[in-house]
>>> print(open('protein.cif').read())   # mmCIF, C-alpha atoms
data_work
loop_
_atom_site.group_PDB
_atom_site.id
_atom_site.type_symbol
_atom_site.label_atom_id
_atom_site.label_comp_id
_atom_site.auth_asym_id
_atom_site.auth_seq_id
_atom_site.Cartn_x
_atom_site.Cartn_y
_atom_site.Cartn_z
ATOM 1 C CA MET A 1 0.000 0.000 0.000
ATOM 2 C CA ASP A 2 1.291 3.449 -0.901
ATOM 3 C CA GLN A 3 2.027 5.896 1.893
ATOM 4 C CA ILE A 4 1.286 9.594 1.609
ATOM 5 C CA PHE A 5 3.731 12.108 3.036
ATOM 6 C CA THR A 6 2.891 15.785 3.385
ATOM 7 C CA LEU A 7 5.200 18.792 3.365
ATOM 8 C CA ASP A 8 4.743 19.006 7.133
ATOM 9 C CA ASP A 9 6.065 15.433 7.435
ATOM 10 C CA LEU A 10 9.069 16.394 5.322
ATOM 11 C CA ALA A 11 9.705 19.500 7.428
ATOM 12 C CA LYS A 12 9.572 17.464 10.657
ATOM 13 C CA PHE A 13 11.956 14.882 9.198
ATOM 14 C CA ASN A 14 14.346 17.623 8.103
ATOM 15 C CA GLN A 15 14.308 19.237 11.551
ATOM 16 C CA GLN A 16 14.909 15.884 13.279
ATOM 17 C CA GLU A 17 17.775 15.139 10.908
ATOM 18 C CA LYS A 18 19.378 18.508 11.698
ATOM 19 C CA GLN A 19 19.059 17.834 15.438
ATOM 20 C CA ILE A 20 20.653 14.398 15.091
ATOM 21 C CA LEU A 21 23.533 15.774 13.024
ATOM 22 C CA ALA A 22 24.049 18.569 15.561
ATOM 23 C CA SER A 23 24.090 16.081 18.453
ATOM 24 C CA LEU A 24 26.786 14.114 16.614
ATOM 25 C CA GLY A 25 28.803 17.285 16.114
ATOM 26 C CA LEU A 26 28.448 17.216 12.339
ATOM 27 C CA THR A 27 26.712 20.609 11.939
ATOM 28 C CA ASP A 28 26.572 23.969 13.624
ATOM 29 C CA PRO A 29 24.046 23.875 16.526
ATOM 30 C CA MET A 30 22.889 27.410 15.640
ATOM 31 C CA GLU A 31 21.569 26.117 12.294
ATOM 32 C CA VAL A 32 19.168 23.828 14.151
ATOM 33 C CA ALA A 33 17.751 26.658 16.263
ATOM 34 C CA GLU A 34 16.729 28.730 13.227
ATOM 35 C CA GLU A 35 12.982 28.644 12.648
ATOM 36 C CA PRO A 36 11.182 30.391 9.815
ATOM 37 C CA GLN A 37 9.297 33.464 10.981
ATOM 38 C CA PHE A 38 6.390 33.088 8.574
ATOM 39 C CA ARG A 39 4.550 30.512 6.524
ATOM 40 C CA ARG A 40 3.957 30.972 2.848
ATOM 41 C CA GLU A 41 0.724 29.953 1.246
ATOM 42 C CA PRO A 42 0.296 28.762 -2.335
ATOM 43 C CA LYS A 43 -1.334 31.048 -4.844
ATOM 44 C CA LYS A 44 -5.019 30.554 -5.539
ATOM 45 C CA ALA A 45 -4.180 29.647 -9.141
ATOM 46 C CA THR A 46 -1.911 26.842 -7.924
ATOM 47 C CA ILE A 47 -4.651 25.406 -5.724
ATOM 48 C CA ASP A 48 -7.154 25.683 -8.592
ATOM 49 C CA ASN A 49 -4.759 23.848 -10.939
ATOM 50 C CA LEU A 50 -4.247 21.033 -8.434
ATOM 51 C CA LEU A 51 -7.969 20.682 -7.849
ATOM 52 C CA SER A 52 -8.622 20.597 -11.598
ATOM 53 C CA PHE A 53 -5.968 17.932 -12.062
ATOM 54 C CA SER A 54 -7.424 15.846 -9.236
ATOM 55 C CA LYS A 55 -10.791 15.881 -11.023
ATOM 56 C CA VAL A 56 -9.359 14.406 -14.235
ATOM 57 C CA LEU A 57 -6.947 11.907 -12.649
ATOM 58 C CA SER A 58 -8.302 8.373 -12.510
ATOM 59 C CA VAL A 59 -6.477 5.632 -10.585
ATOM 60 C CA ARG A 60 -7.916 2.118 -10.852
ATOM 61 C CA ASN A 61 -6.841 -1.286 -9.589
ATOM 62 C CA SER A 62 -6.326 -3.998 -12.174
ATOM 63 C CA SER A 63 -5.966 -7.714 -11.617
ATOM 64 C CA LEU A 64 -3.528 -7.934 -14.551
ATOM 65 C CA MET A 65 -1.434 -4.777 -14.214
ATOM 66 C CA GLY A 66 -1.741 -3.689 -10.568
ATOM 67 C CA THR A 67 -2.632 -0.012 -10.658
ATOM 68 C CA ILE A 68 -3.640 1.973 -13.760
ATOM 69 C CA GLU A 69 -3.336 5.773 -13.736
ATOM 70 C CA MET A 70 -5.122 7.750 -16.454
ATOM 71 C CA VAL A 71 -5.622 11.461 -17.101
ATOM 72 C CA LEU A 72 -9.104 11.879 -18.528
ATOM 73 C CA ASN A 73 -9.754 14.708 -20.973
#
>>> encode(input="protein.cif", output="structure tokens")
Amino acid sequence: MDQIFTLDDLAKFNQQEKQILASLGLTDPMEVAEEPQFRREPKKATIDNLLSFSKVLSVRNSSLMGTIEMVLN
């Protein structure tokens, strides 16, 4: 079964990796303490494009081929 990872999962993994490297003395500890001061949001057009794509994407299970992904037009 496929797992889904979000950007938040990636950010947490990255932060944990930095902390581990800092504890091993492989990076500067001050790099780990830096936190972004703001969060960016995607443009409305980007969200609209993703939603449109999700409407035309079809993923089906097949007994012969496993999973079939099709973009319907």
>>> atom_distance(input="protein.cif", atom1="atom CA of Thr27 of chain A", atom2="atom CA of Ala11 of chain A")
17.6 Å
>>> atom_distance(input="protein.cif", atom1="atom CA of Asn73 of chain A", atom2="atom CA of Ser54 of chain A")
12.0 Å
>>> resolve_selection(input="protein.cif", expression="the PyMOL selection byres ((chain A and resi 56-60) around 9)", output="VMD selection string")
chain A and resid 52 to 55 61 to 62 66 to 73
>>> atom_distance(input="protein.cif", atom1="atom CA of Asn49 of chain A", atom2="atom CA of Met65 of chain A")
29.0 Å
